[in-house]
Amino acid sequence: MTAKVSFFRVGNGDMTLITLQSGRTILIDCNIRAAADDPNDETADVASQLRARLRRDDADRLYVDAMILSHPDADHCRGLEKHFHLGPIADYDADGDKIIIREMWSSPMVFRRACRSHTLCNDAKAWNREAKRRVKVFKDEGACKANERVRIMGEDEDGKTDELAGILVKIDEVTWEIDGSSEDLFEARLLAPLSKSEDEEEEEALSKNDSSIIIQFSLASEQGSDPVLFLSGGDAEVGIWERLWNRKSSTPKHLAYDLLQTPHHCSWHSLSWDSWSDYGEDAEVSEDARNALGQARSGAKIVASCKPIQDDDCDPPCVRAKREYEDILDEVNGEFVCVGDDGPEPLEYEIGRGGLTLLKAAATRRGPTLIGVTPQGHG
Amino acid sequence: MSDVTIVEFDVDLSLGHRWVAQGASPFGVRPVERVRLDFGPLYPTKAPGPSYRADLGRGFPHVQPWLTADGRPVPCLTEAPIDDFHAVYGIHGLIDQFVAWLKRAASGALIDPHQGWEVSRRDGYIDSVLVDVAAIRRLPDAQPGGQFGYAYLQTSFAAHRLGAGDPGSWLGEVGDVVKLDDASLGGRVRGDVVYGEGVCLAVWATSGEGEPVPVFADYEPDDVETYADLMAKAERLKVSRRLGMYLDIVTNNAPYGGNAAKLPVVVLMMVRRPLPLAGSESDIEVFAYSLPLTFPSKRAKLDPRTRVDRLAVRDRLSRQLLRRVSGGPEIVTPWALIGAGSLGSKIGIHLARHGVTPIAVSDKSQLLPHNVARHGLLPTTDGLGLEWRGPKSSALVEAVASIVREPLRDLPGDATEALILMEAWADAPKVIVNTTASLALRAGAAQTPSSARWIDAELFDRASLGTLRVEGPGRNPSIEELAGVGYAAAARDESLAQHIFEGAGVSRLALGEGCGSSTMIADDARLSVQAAVMAEAIGQHLAQMPTTGLIQTWRRDGGGLSHETTPISPFFRLALADGWTLSIAPTVSAAIDAEAGRWPKSETGGVLVGRVSFITRTIYALDTMQAPSDSKRSPSFFELGVVGLAGAISDLTARTGGALYCVGTWHSHLGAANPSQVDRATAAKLAKDAPYPLALLIRGTDGFQCIFAGYREGDR
């Protein structure tokens, strides 16, 4: 199995699949639009593309080993209820052939902060309900059921996660476990959400900045090789990144990446307090946020999961943000890629000894020797 | 070069982003490589020649030892010959291979640890040296000796001289380890060629006590051209001081003939790799070179520019090599071959080519011109061909020794004497393979003192039927008993009988003579077919003797052979009077038990048929005949009737050409098997009348007993 990262073409939205060397899968967000599901529409049929990359269990059900909802906006969970099974596994409907989420990585803090600013869409509510249900099972029975696991990303307020140490990942913690078992050649460092602050203003700020689950993934193809670092940060905006830099400036390698998914679909709001539409070229970048997002390693790739970037007032995606990212990449000989520029097949990178390689459609190849191809006489 | 079309093109290798950013992989391969294919005048029959930029270097496995005319390295892209590959997969296939090669070179993955260390390629070397590679590879680990890091070996060679002082091209053989003082050194010139004997110096890196053995994991092509190159390589392999020192010592010796001479010295550099070599169990790679040294001389005094020839290392012909190539297990059981005639010689040669050789060959006859019709050996074109008057055993011994390069003993003369002689050897044979088809010898086999198990190979009916009889453990059943089983089987099977008894005279002595005699007509090809399958079977038995007796037959069936293997259980042997034995076939005791079982309340019985051997003083009960209808049975008495019996017996004897005849009777007791008065009286009566000894076998609740109705020699 080759380790890969696949970015589905979902316009201004996120849907990213990590396939590990062992074959296990982690899905970060989903944005399966009605147009995508419509066979008569040209929009990339991402649901089918996702299904083609997943395995089936012994009961012939498709599954992801883990799914992360970075941020409960609609463009991160659209199509969740339609395509994924939520609820007890006993209630699984074989006819529906929905995808099972073996383990949910969910953040109650992210949800709380999101609720302050806006109402949640139905898919987000469904996710939250299911996550809470699984947590309750853990509380009542002391363990999660198979196919119904949950892990809590970041402590909740008021000690609510104090008794949930078994399924809690605290901020700055590194985990090697997926769905109850440890995974070789894999690490995930939780960088956000930050713990609940006592300060109300602080909480307001975090909420307004689209608090999201931010993780630095370390993905290796084989023992002993230098892993590929993948930084994924949902919709987190400038305030979050500034705070991250304050916390991590002495250990910038925790923010290092070979692959960065631009937060918030290449929005300028992740790099600056100044609105693009208001300030235009006068908008100033936040140095701290830029630093937090600038720890690119040699040859790094920055991937913007958004529609094609035009030089206009649009944000997201924002051409100014693109320029800033390209600037960061200049110093390291890296490459900026916009997911919306191509398609319909997902943008996929294979992880190998030398790092990331863009995956093109594989051509079938026959074996390298004649033995078994044509009869070989011996004299 | 004018007929060559050069095509250069760039290949994007899709290297990982880090290597792309760095501009090259850790092994120097760039994200985009410009490569070249040279299309010669014979394209497309001959594939184009691949090459890559010289500054990438040849520090990779799967690189040819030669360069293009303009100095570019050539990768080895295909396991099959490149022309064959190209014929099947075309240019696209070749380019795919090139890309795969470059990608693997980029990540240092050209060596697949599962396949083993890829030795540097030595295709196309003009000069070669024959070495017992397995023995050489053991030198670095030898106890004692390994820790010295060097060894001298005797060599013999033929070198084609191009001019004075120039060693020219070289072909030679490295023999055994030798003390320098005992080594033979010298050369004779014949025209352009120098024949001679010399010394080989083998060196390898050593480590101190308790330190790990030196292992060399850096791949490098074999590109030594001069003495300076050789010493540089020796330096990298940590043997330079040793090499220099012992080369100096070597030249101290004077060659025979007295005159100073320039003689080639072979240098073997043995390098231990981190993995076993591909296709081998050993992790030691051998590099061989030849360089000219002046003998005698205080020191080697070599100019750094002295030309050094690279030698391809070829495995010396040896029994072990043959065994390895044939893929069979090593055979440790010592065995002897009796009979070097048409069948024996073919079997002997087949087995020799498989690296399986007897410790001795025995045959009492001489080769005669008509033997060419089907002998395993070939006459020479030399002169009168007088060697065809020599003993068959000597001719076969010479042929086998030349194949396996090991001596074996020649015992022309009487087989029985040979057997007695062999018994006294330290490596006395444990298996005797007999191809003589001699009745006398077969009978005599039982008399030999040794416990060696016999395997008897015999052909019948112009090689349409071949049988192999393998004695059981403890020599039970013996080949004589097995032959008997064969006759009994043939008596019941018309088609077998046709092969075995057809054309045989009525005389008992002519029976089962098989095809050992020179009067048999059989064509060479048919004989070879039988000899080949028999050799294979014999080889298997020598590796692992069967746990029972065996009879194996190969019957000509249209254009092929149909084969049967029948295990034969041990015979039950009963001692009789006067040193005679009754040997009862397992089928006979089974038949007796069955018949006795049918009559639980009275005695019953039947007739024993089989053979009698005066040589082994044994009565072989090989089959039974049912008691005639007028036989009488009661709890204490059994009378053998007469209706149809005489006819049945003579019919059997005629049908089997006299091979099987009546050898006595059997009957059951309800109690113990002790002979009764009646039994003894009957036996005495029979004995008086019989032309040969008969057996009266009694089956009781406590086993078998037998009265020997033997005639006394004096009576006749």
# chains A, B, ... in the order shown; residues from 1 in each chain; ligands from 1
call {"tool": "select_by_dssp", "arguments": {"residues": "region 443-490 of chain B", "states": "strand (DSSP E)", "output": "VMD selection string"}}
result
chain B and resid 453 to 460 465 to 470
call {"tool": "write_last_selection", "arguments": {"atoms": "all heavy atoms", "output": "CSV table (one decimal), in the first residue's frame"}}
result
chain,number,residue,atom,x,y,z
B,453,ARG,N,22.7,-52.8,1.1
B,453,ARG,CA,21.5,-53.2,0.4
B,453,ARG,C,21.7,-53.1,-1.1
B,453,ARG,O,22.4,-52.3,-1.6
B,453,ARG,CB,20.4,-52.2,0.7
B,453,ARG,CG,19.7,-52.5,2.1
B,453,ARG,CD,18.9,-51.3,2.6
B,453,ARG,NE,17.6,-51.2,1.9
B,453,ARG,CZ,16.7,-50.3,2.3
B,453,ARG,NH1,16.9,-49.5,3.3
B,453,ARG,NH2,15.5,-50.3,1.6
B,454,TRP,N,21.1,-54.1,-1.8
B,454,TRP,CA,21.3,-54.2,-3.3
B,454,TRP,C,20.2,-53.5,-4.0
B,454,TRP,O,19.0,-53.6,-3.6
B,454,TRP,CB,21.4,-55.6,-3.7
B,454,TRP,CG,22.7,-56.3,-3.4
B,454,TRP,CD1,23.3,-56.4,-2.2
B,454,TRP,CD2,23.6,-56.8,-4.3
B,454,TRP,NE1,24.5,-57.0,-2.3
B,454,TRP,CE2,24.8,-57.3,-3.6
B,454,TRP,CE3,23.6,-57.0,-5.7
B,454,TRP,CZ2,25.8,-57.9,-4.2
B,454,TRP,CZ3,24.7,-57.6,-6.3
B,454,TRP,CH2,25.8,-58.1,-5.6
B,455,ILE,N,20.5,-52.9,-5.1
B,455,ILE,CA,19.5,-52.4,-6.1
B,455,ILE,C,19.9,-53.1,-7.4
B,455,ILE,O,21.0,-53.0,-7.9
B,455,ILE,CB,19.6,-50.9,-6.2
B,455,ILE,CG1,19.3,-50.2,-4.9
B,455,ILE,CG2,18.6,-50.4,-7.3
B,455,ILE,CD1,19.4,-48.6,-5.0
B,456,ASP,N,18.9,-53.8,-7.9
B,456,ASP,CA,19.1,-54.6,-9.1
B,456,ASP,C,18.4,-54.0,-10.2
B,456,ASP,O,17.2,-53.7,-10.2
B,456,ASP,CB,18.4,-55.9,-8.8
B,456,ASP,CG,19.1,-57.1,-9.4
B,456,ASP,OD1,20.4,-57.0,-9.6
B,456,ASP,OD2,18.4,-58.0,-9.8
B,457,ALA,N,19.2,-53.7,-11.3
B,457,ALA,CA,18.5,-53.1,-12.5
B,457,ALA,C,18.6,-54.1,-13.6
B,457,ALA,O,19.6,-54.7,-13.9
B,457,ALA,CB,19.3,-51.8,-12.9
B,458,GLU,N,17.4,-54.4,-14.2
B,458,GLU,CA,17.4,-55.4,-15.3
B,458,GLU,C,16.4,-55.0,-16.4
B,458,GLU,O,15.4,-54.4,-16.1
B,458,GLU,CB,16.9,-56.7,-14.6
B,458,GLU,CG,17.3,-57.9,-15.5
B,458,GLU,CD,17.0,-59.2,-14.7
B,458,GLU,OE1,16.7,-59.1,-13.5
B,458,GLU,OE2,17.0,-60.2,-15.4
B,459,LEU,N,16.8,-55.3,-17.6
B,459,LEU,CA,15.9,-55.0,-18.8
B,459,LEU,C,15.4,-56.3,-19.4
B,459,LEU,O,16.2,-57.3,-19.4
B,459,LEU,CB,16.7,-54.2,-19.8
B,459,LEU,CG,17.2,-52.9,-19.4
B,459,LEU,CD1,18.0,-52.2,-20.5
B,459,LEU,CD2,16.0,-52.0,-19.0
B,460,PHE,N,14.3,-56.3,-19.9
B,460,PHE,CA,13.7,-57.5,-20.6
B,460,PHE,C,13.2,-57.1,-22.0
B,460,PHE,O,12.8,-56.0,-22.2
B,460,PHE,CB,12.5,-58.1,-19.8
B,460,PHE,CG,12.9,-58.6,-18.4
B,460,PHE,CD1,12.8,-57.7,-17.3
B,460,PHE,CD2,13.3,-59.9,-18.2
B,460,PHE,CE1,13.2,-58.2,-16.0
B,460,PHE,CE2,13.7,-60.3,-17.0
B,460,PHE,CZ,13.6,-59.5,-15.9
B,465,LEU,N,10.8,-53.6,-21.3
B,465,LEU,CA,10.5,-53.6,-19.8
B,465,LEU,C,11.7,-53.5,-19.0
B,465,LEU,O,12.7,-54.2,-19.3
B,465,LEU,CB,9.8,-55.0,-19.5
B,465,LEU,CG,9.5,-55.2,-18.0
B,465,LEU,CD1,8.4,-54.2,-17.5
B,465,LEU,CD2,9.1,-56.6,-17.7
B,466,GLY,N,11.7,-52.6,-18.1
B,466,GLY,CA,12.8,-52.4,-17.2
B,466,GLY,C,12.4,-52.6,-15.8
B,466,GLY,O,11.3,-52.1,-15.5
B,467,THR,N,13.1,-53.3,-15.0
B,467,THR,CA,12.8,-53.4,-13.6
B,467,THR,C,13.9,-53.0,-12.7
B,467,THR,O,15.1,-53.2,-13.0
B,467,THR,CB,12.4,-54.8,-13.1
B,467,THR,OG1,13.4,-55.7,-13.5
B,467,THR,CG2,11.1,-55.3,-13.7
B,468,LEU,N,13.5,-52.4,-11.6
B,468,LEU,CA,14.5,-52.0,-10.6
B,468,LEU,C,14.0,-52.7,-9.3
B,468,LEU,O,12.8,-52.5,-8.9
B,468,LEU,CB,14.5,-50.5,-10.4
B,468,LEU,CG,15.8,-49.9,-9.9
B,468,LEU,CD1,16.9,-50.1,-10.9
B,468,LEU,CD2,15.6,-48.4,-9.6
B,469,ARG,N,14.9,-53.5,-8.7
B,469,ARG,CA,14.5,-54.1,-7.5
B,469,ARG,C,15.3,-53.5,-6.3
B,469,ARG,O,16.6,-53.6,-6.4
B,469,ARG,CB,14.7,-55.6,-7.5
B,469,ARG,CG,14.0,-56.3,-8.7
B,469,ARG,CD,14.3,-57.8,-8.7
B,469,ARG,NE,13.9,-58.3,-10.0
B,469,ARG,CZ,14.7,-58.7,-11.0
B,469,ARG,NH1,16.0,-58.6,-10.8
B,469,ARG,NH2,14.2,-59.2,-12.1
B,470,VAL,N,14.7,-53.1,-5.3
B,470,VAL,CA,15.4,-52.4,-4.2
B,470,VAL,C,15.2,-53.3,-3.0
B,470,VAL,O,14.0,-53.4,-2.6
B,470,VAL,CB,14.9,-51.0,-4.0
B,470,VAL,CG1,15.7,-50.3,-2.9
B,470,VAL,CG2,15.0,-50.2,-5.3
call {"tool": "closest_atom_pairs", "arguments": {"of": "chain B", "to": "chain A", "cutoff": "9 Å", "atoms": "only C-alpha atoms", "output": "CSV"}}
result
residue,atom,partner,partner_atom,distance
B:Ser14,CA,A:Thr357,CA,6.0
B:Leu15,CA,A:Thr357,CA,6.2
B:Gly16,CA,A:Gly354,CA,4.0
B:His17,CA,A:Leu356,CA,5.0
B:Arg18,CA,A:Gly299,CA,5.2
B:Trp19,CA,A:Gly354,CA,5.6
B:Val20,CA,A:Gly299,CA,7.0
B:Ala21,CA,A:Gly299,CA,4.6
B:Gln22,CA,A:Ser298,CA,7.7
B:Ser25,CA,A:Gly354,CA,7.3
B:Pro26,CA,A:Gly354,CA,8.9
B:Leu77,CA,A:Pro368,CA,8.9
B:Thr78,CA,A:Pro368,CA,6.7
B:Glu79,CA,A:Thr369,CA,5.9
B:Ala80,CA,A:Thr369,CA,5.8
B:Asp84,CA,A:Leu370,CA,7.9
B:Phe85,CA,A:Leu370,CA,6.6
B:Val88,CA,A:Leu370,CA,8.0
B:Tyr89,CA,A:Arg366,CA,8.8
B:Gly93,CA,A:Pro368,CA,8.3
B:Asp96,CA,A:Arg365,CA,8.4
B:Gln97,CA,A:Pro368,CA,7.3
B:Ala106,CA,A:Gly354,CA,9.0
B:Ser107,CA,A:Arg353,CA,7.0
call {"tool": "residues_around", "arguments": {"residues": "Glu284 (chain A)", "least_positions_apart": "4", "cutoff": "9 Å", "atoms": "only C-alpha atoms", "output": "MDAnalysis selection string"}}
result
chainID A and resid 271:274 279
call {"tool": "residues_around", "arguments": {"residues": "region 59-70 of chain A", "least_positions_apart": "4", "cutoff": "9 Å", "atoms": "only C-alpha atoms", "output": "ChimeraX atom specification"}}
result
/A:24-30,51,54-55,76-77,84,94,97-107,110,124,127,147,149-150,178-179,211-214,232-235
call {"tool": "write_last_selection", "arguments": {"atoms": "N, CA and C atoms", "output": "compact mmCIF listing (two decimals), in the first residue's frame"}}
result
# COMPACT_ATOMS: atom_id res chain seq x y z
N ARG A 24 -4.78 1.99 6.20
CA ARG A 24 -5.85 2.64 6.96
C ARG A 24 -6.08 4.06 6.44
N THR A 25 -7.29 4.55 6.67
CA THR A 25 -7.69 5.82 6.06
C THR A 25 -8.18 6.81 7.11
N ILE A 26 -7.85 8.08 6.87
CA ILE A 26 -8.36 9.16 7.72
C ILE A 26 -8.98 10.19 6.79
N LEU A 27 -10.25 10.51 7.01
CA LEU A 27 -10.92 11.50 6.19
C LEU A 27 -11.04 12.80 7.00
N ILE A 28 -10.58 13.89 6.41
CA ILE A 28 -10.71 15.19 7.06
C ILE A 28 -11.79 15.97 6.31
N ASP A 29 -12.91 16.16 6.95
CA ASP A 29 -14.04 16.93 6.40
C ASP A 29 -14.61 16.29 5.15
N CYS A 30 -15.81 16.75 4.79
CA CYS A 30 -16.37 16.32 3.51
C CYS A 30 -17.26 17.43 2.98
N ARG A 51 -15.49 6.56 -2.27
CA ARG A 51 -15.84 5.16 -2.05
C ARG A 51 -14.83 4.24 -2.73
N LEU A 54 -11.84 3.47 -0.49
CA LEU A 54 -12.03 2.90 0.83
C LEU A 54 -12.13 1.39 0.75
N ARG A 55 -11.89 0.74 1.89
CA ARG A 55 -11.97 -0.71 1.92
C ARG A 55 -13.31 -1.14 2.52
N HIS A 76 -17.69 21.87 5.24
CA HIS A 76 -16.78 20.86 5.77
C HIS A 76 -17.53 19.58 6.12
N CYS A 77 -18.86 19.62 6.09
CA CYS A 77 -19.60 18.41 6.45
C CYS A 77 -20.82 18.18 5.55
N PHE A 84 -22.87 8.93 5.07
CA PHE A 84 -22.19 8.20 6.16
C PHE A 84 -23.22 7.67 7.14
N ALA A 94 -27.88 -2.26 5.22
CA ALA A 94 -27.01 -2.72 4.14
C ALA A 94 -27.41 -2.14 2.79
N ASP A 97 -25.82 1.19 2.00
CA ASP A 97 -24.39 1.11 1.68
C ASP A 97 -23.65 2.39 2.03
N LYS A 98 -24.00 2.93 3.23
CA LYS A 98 -23.31 4.16 3.64
C LYS A 98 -21.95 3.80 4.21
N ILE A 99 -21.12 4.83 4.33
CA ILE A 99 -19.77 4.63 4.83
C ILE A 99 -19.78 4.67 6.35
N ILE A 100 -19.13 3.68 6.95
CA ILE A 100 -19.06 3.65 8.40
C ILE A 100 -17.86 4.47 8.86
N ILE A 101 -18.08 5.28 9.92
CA ILE A 101 -16.96 6.01 10.50
C ILE A 101 -16.53 5.25 11.74
N ARG A 102 -15.43 4.51 11.63
CA ARG A 102 -15.04 3.67 12.76
C ARG A 102 -14.69 4.51 13.98
N GLU A 103 -14.01 5.62 13.74
CA GLU A 103 -13.68 6.47 14.88
C GLU A 103 -13.87 7.94 14.48
N MET A 104 -14.60 8.68 15.30
CA MET A 104 -14.78 10.10 15.03
C MET A 104 -13.75 10.87 15.86
N TRP A 105 -13.10 11.85 15.23
CA TRP A 105 -12.25 12.77 16.00
C TRP A 105 -13.00 14.10 16.02
N SER A 106 -13.53 14.40 17.15
CA SER A 106 -14.40 15.56 17.24
C SER A 106 -13.97 16.48 18.37
N SER A 107 -14.23 17.78 18.23
CA SER A 107 -13.83 18.72 19.27
C SER A 107 -15.03 19.47 19.83
N VAL A 110 -14.50 23.29 19.69
CA VAL A 110 -14.74 23.87 18.36
C VAL A 110 -16.21 24.08 18.14
N ALA A 124 -23.92 19.27 10.51
CA ALA A 124 -23.07 19.53 11.68
C ALA A 124 -23.77 19.07 12.95
N TRP A 127 -23.54 15.36 13.18
CA TRP A 127 -22.19 14.95 13.62
C TRP A 127 -22.08 15.10 15.13
N ASN A 147 -16.47 0.13 15.73
CA ASN A 147 -17.20 0.87 14.69
C ASN A 147 -17.96 2.08 15.25
N ARG A 149 -16.27 4.29 17.68
CA ARG A 149 -15.32 4.97 18.56
C ARG A 149 -15.36 6.48 18.37
N VAL A 150 -14.87 7.15 19.40
CA VAL A 150 -14.80 8.61 19.31
C VAL A 150 -13.56 9.06 20.08
N ILE A 178 -4.99 5.02 16.04
CA ILE A 178 -6.18 5.23 15.23
C ILE A 178 -7.13 4.09 15.53
N ASP A 179 -8.36 4.42 15.81
CA ASP A 179 -9.39 3.41 16.01
C ASP A 179 -8.93 2.31 16.96
N SER A 211 -12.39 28.94 15.19
CA SER A 211 -11.62 27.90 15.88
C SER A 211 -11.82 26.56 15.19
N SER A 212 -10.74 25.89 14.87
CA SER A 212 -10.82 24.61 14.16
C SER A 212 -9.82 23.62 14.76
N ILE A 213 -9.99 22.39 14.41
CA ILE A 213 -8.98 21.38 14.79
C ILE A 213 -7.78 21.59 13.86
N ILE A 214 -6.62 21.84 14.44
CA ILE A 214 -5.40 21.97 13.64
C ILE A 214 -4.48 20.84 14.04
N SER A 232 -2.75 20.65 8.57
CA SER A 232 -4.13 20.87 8.14
C SER A 232 -4.84 21.67 9.23
N GLY A 233 -5.46 22.77 8.85
CA GLY A 233 -6.00 23.65 9.88
C GLY A 233 -7.42 24.14 9.68
N GLY A 234 -8.22 23.38 8.97
CA GLY A 234 -9.63 23.74 8.86
C GLY A 234 -9.83 25.16 8.34
N ASP A 235 -10.61 25.95 9.08
CA ASP A 235 -10.92 27.32 8.67
C ASP A 235 -10.20 28.34 9.54
call {"tool": "residues_around", "arguments": {"residues": "Gly244 (chain B)", "least_positions_apart": "2", "cutoff": "10 Å", "atoms": "only C-alpha atoms", "output": "PyMOL selection string"}}
result
chain B and resi 231+234+239-242+246-249+299-302
call {"tool": "write_last_selection", "arguments": {"atoms": "all heavy atoms", "output": "short mmCIF file (atom, residue, chain, number, x, y, z; two decimals), in the first residue's frame"}}
result
data_model
loop_
_atom_site.label_atom_id
_atom_site.label_comp_id
_atom_site.auth_asym_id
_atom_site.auth_seq_id
_atom_site.Cartn_x
_atom_site.Cartn_y
_atom_site.Cartn_z
N MET B 231 45.59 -1.73 -6.67
CA MET B 231 45.98 -1.37 -5.30
C MET B 231 44.97 -0.40 -4.70
O MET B 231 44.69 -0.45 -3.51
CB MET B 231 47.39 -0.74 -5.29
CG MET B 231 48.50 -1.76 -5.52
SD MET B 231 48.30 -3.28 -4.54
CE MET B 231 49.01 -2.80 -2.98
N ALA B 234 42.20 -2.50 -3.62
CA ALA B 234 42.63 -3.24 -2.44
C ALA B 234 42.59 -2.34 -1.20
O ALA B 234 42.23 -2.78 -0.11
CB ALA B 234 44.04 -3.79 -2.67
N VAL B 239 42.73 -4.54 2.02
CA VAL B 239 43.68 -5.64 1.85
C VAL B 239 44.95 -5.19 1.15
O VAL B 239 45.74 -6.01 0.71
CB VAL B 239 43.06 -6.82 1.06
CG1 VAL B 239 41.97 -7.50 1.84
CG2 VAL B 239 42.54 -6.35 -0.28
N SER B 240 45.17 -3.87 1.04
CA SER B 240 46.29 -3.41 0.20
C SER B 240 47.63 -3.82 0.78
O SER B 240 48.51 -4.28 0.05
CB SER B 240 46.22 -1.91 0.00
OG SER B 240 46.16 -1.27 1.26
N ARG B 241 47.80 -3.67 2.08
CA ARG B 241 49.12 -4.02 2.66
C ARG B 241 49.40 -5.49 2.48
O ARG B 241 50.49 -5.91 2.11
CB ARG B 241 49.14 -3.65 4.13
CG ARG B 241 49.76 -2.29 4.39
CD ARG B 241 49.94 -2.02 5.86
NE ARG B 241 50.56 -3.16 6.53
CZ ARG B 241 50.40 -3.43 7.81
NH1 ARG B 241 49.64 -2.66 8.56
NH2 ARG B 241 50.98 -4.46 8.36
N ARG B 242 48.38 -6.28 2.77
CA ARG B 242 48.53 -7.72 2.67
C ARG B 242 48.85 -8.11 1.23
O ARG B 242 49.73 -8.94 0.97
CB ARG B 242 47.22 -8.36 3.11
CG ARG B 242 47.28 -9.85 3.38
CD ARG B 242 46.02 -10.27 4.11
NE ARG B 242 46.01 -9.77 5.46
CZ ARG B 242 44.92 -9.38 6.11
NH1 ARG B 242 43.75 -9.42 5.52
NH2 ARG B 242 44.99 -8.94 7.35
N TYR B 246 52.38 -9.99 0.17
CA TYR B 246 52.45 -11.38 -0.29
C TYR B 246 52.79 -11.49 -1.77
O TYR B 246 53.36 -12.49 -2.20
CB TYR B 246 51.17 -12.13 0.07
CG TYR B 246 51.09 -12.37 1.55
CD1 TYR B 246 50.16 -11.71 2.35
CD2 TYR B 246 52.00 -13.23 2.18
CE1 TYR B 246 50.13 -11.90 3.71
CE2 TYR B 246 51.97 -13.42 3.55
CZ TYR B 246 51.04 -12.75 4.32
OH TYR B 246 51.00 -12.93 5.67
N LEU B 247 52.48 -10.48 -2.54
CA LEU B 247 52.94 -10.50 -3.93
C LEU B 247 54.46 -10.46 -3.96
O LEU B 247 55.11 -11.12 -4.77
CB LEU B 247 52.37 -9.31 -4.71
CG LEU B 247 50.95 -9.46 -5.23
CD1 LEU B 247 50.51 -8.19 -5.97
CD2 LEU B 247 50.82 -10.66 -6.17
N ASP B 248 55.03 -9.66 -3.04
CA ASP B 248 56.49 -9.61 -2.96
C ASP B 248 57.05 -10.98 -2.59
O ASP B 248 58.05 -11.43 -3.16
CB ASP B 248 56.92 -8.60 -1.88
CG ASP B 248 56.82 -7.17 -2.39
OD1 ASP B 248 56.76 -6.98 -3.62
OD2 ASP B 248 56.82 -6.25 -1.56
N ILE B 249 56.43 -11.65 -1.66
CA ILE B 249 56.95 -12.94 -1.21
C ILE B 249 56.85 -13.98 -2.33
O ILE B 249 57.74 -14.81 -2.52
CB ILE B 249 56.17 -13.41 0.04
CG1 ILE B 249 56.47 -12.46 1.20
CG2 ILE B 249 56.54 -14.84 0.39
CD1 ILE B 249 55.70 -12.77 2.45
N ARG B 299 61.48 -8.65 -5.01
CA ARG B 299 60.18 -8.02 -4.75
C ARG B 299 59.40 -7.97 -6.05
O ARG B 299 59.96 -8.13 -7.11
CB ARG B 299 60.37 -6.61 -4.19
CG ARG B 299 61.17 -6.58 -2.89
CD ARG B 299 61.27 -5.18 -2.31
NE ARG B 299 59.93 -4.72 -1.92
CZ ARG B 299 59.41 -3.58 -2.35
NH1 ARG B 299 60.09 -2.78 -3.13
NH2 ARG B 299 58.20 -3.23 -1.97
N ALA B 300 58.13 -7.73 -5.93
CA ALA B 300 57.29 -7.77 -7.13
C ALA B 300 57.65 -6.67 -8.13
O ALA B 300 57.58 -6.86 -9.33
CB ALA B 300 55.82 -7.67 -6.74
N LYS B 301 58.09 -5.55 -7.64
CA LYS B 301 58.56 -4.42 -8.47
C LYS B 301 57.60 -4.11 -9.61
O LYS B 301 57.95 -4.15 -10.78
CB LYS B 301 59.94 -4.75 -9.08
CG LYS B 301 61.07 -4.67 -8.05
CD LYS B 301 62.40 -4.54 -8.74
CE LYS B 301 62.90 -5.93 -9.11
NZ LYS B 301 64.12 -6.37 -8.56
N LEU B 302 56.39 -3.83 -9.27
CA LEU B 302 55.42 -3.58 -10.32
C LEU B 302 55.23 -2.10 -10.57
O LEU B 302 55.04 -1.33 -9.66
CB LEU B 302 54.06 -4.19 -9.95
CG LEU B 302 53.96 -5.69 -10.22
CD1 LEU B 302 52.76 -6.26 -9.52
CD2 LEU B 302 53.86 -5.96 -11.71
#
call {"tool": "select_by_dssp", "arguments": {"residues": "region 257-379 of chain B", "states": "alpha helix (DSSP H)", "output": "PyMOL selection string"}}
result
chain B and resi 319-326+342-353
call {"tool": "closest_residue", "arguments": {"among": "B:Ala690, B:Leu439, B:Ala497, B:Ile338", "to": "Ser613 (chain B)", "atoms": "only C-alpha atoms"}}
result
B:Leu439
call {"tool": "residues_around", "arguments": {"residues": "Gly166 (chain A)", "least_positions_apart": "4", "cutoff": "12 Å", "atoms": "only C-alpha atoms", "output": "list in words"}}
result
Val135, Phe138, Lys139, Gly142, Ala143, Cys144, Arg149, Val150, Arg151, Ile152, Met153, Thr161, Asp162, Lys170, Glu177 and Gly180 of chain A
call {"tool": "residues_around", "arguments": {"residues": "Ile240 (chain A)", "least_positions_apart": "4", "cutoff": "7 Å", "atoms": "only C-alpha atoms", "output": "JSON, numbers by chain"}}
result
{"A": [206, 209, 211, 236, 244]}
call {"tool": "atom_distance", "arguments": {"atom1": "CA of Gly294 (chain A)", "atom2": "CA of Glu173 (chain A)"}}
result
21.6 Å
call {"tool": "atom_distance", "arguments": {"atom1": "CA of Ala312 (chain B)", "atom2": "CA of Cys200 (chain B)"}}
result
14.6 Å
call {"tool": "decode", "arguments": {"residues": "region 170-174 of chain A", "atoms": "C-alpha atoms", "output": "CSV table (one decimal), in the first residue's frame"}}
result
chain,number,residue,atom,x,y,z
A,170,LYS,CA,-5.0,17.2,24.8
A,171,ILE,CA,-3.5,20.1,23.0
A,172,ASP,CA,0.2,19.6,22.1
A,173,GLU,CA,-0.2,15.9,22.6
A,174,VAL,CA,1.1,13.5,19.9
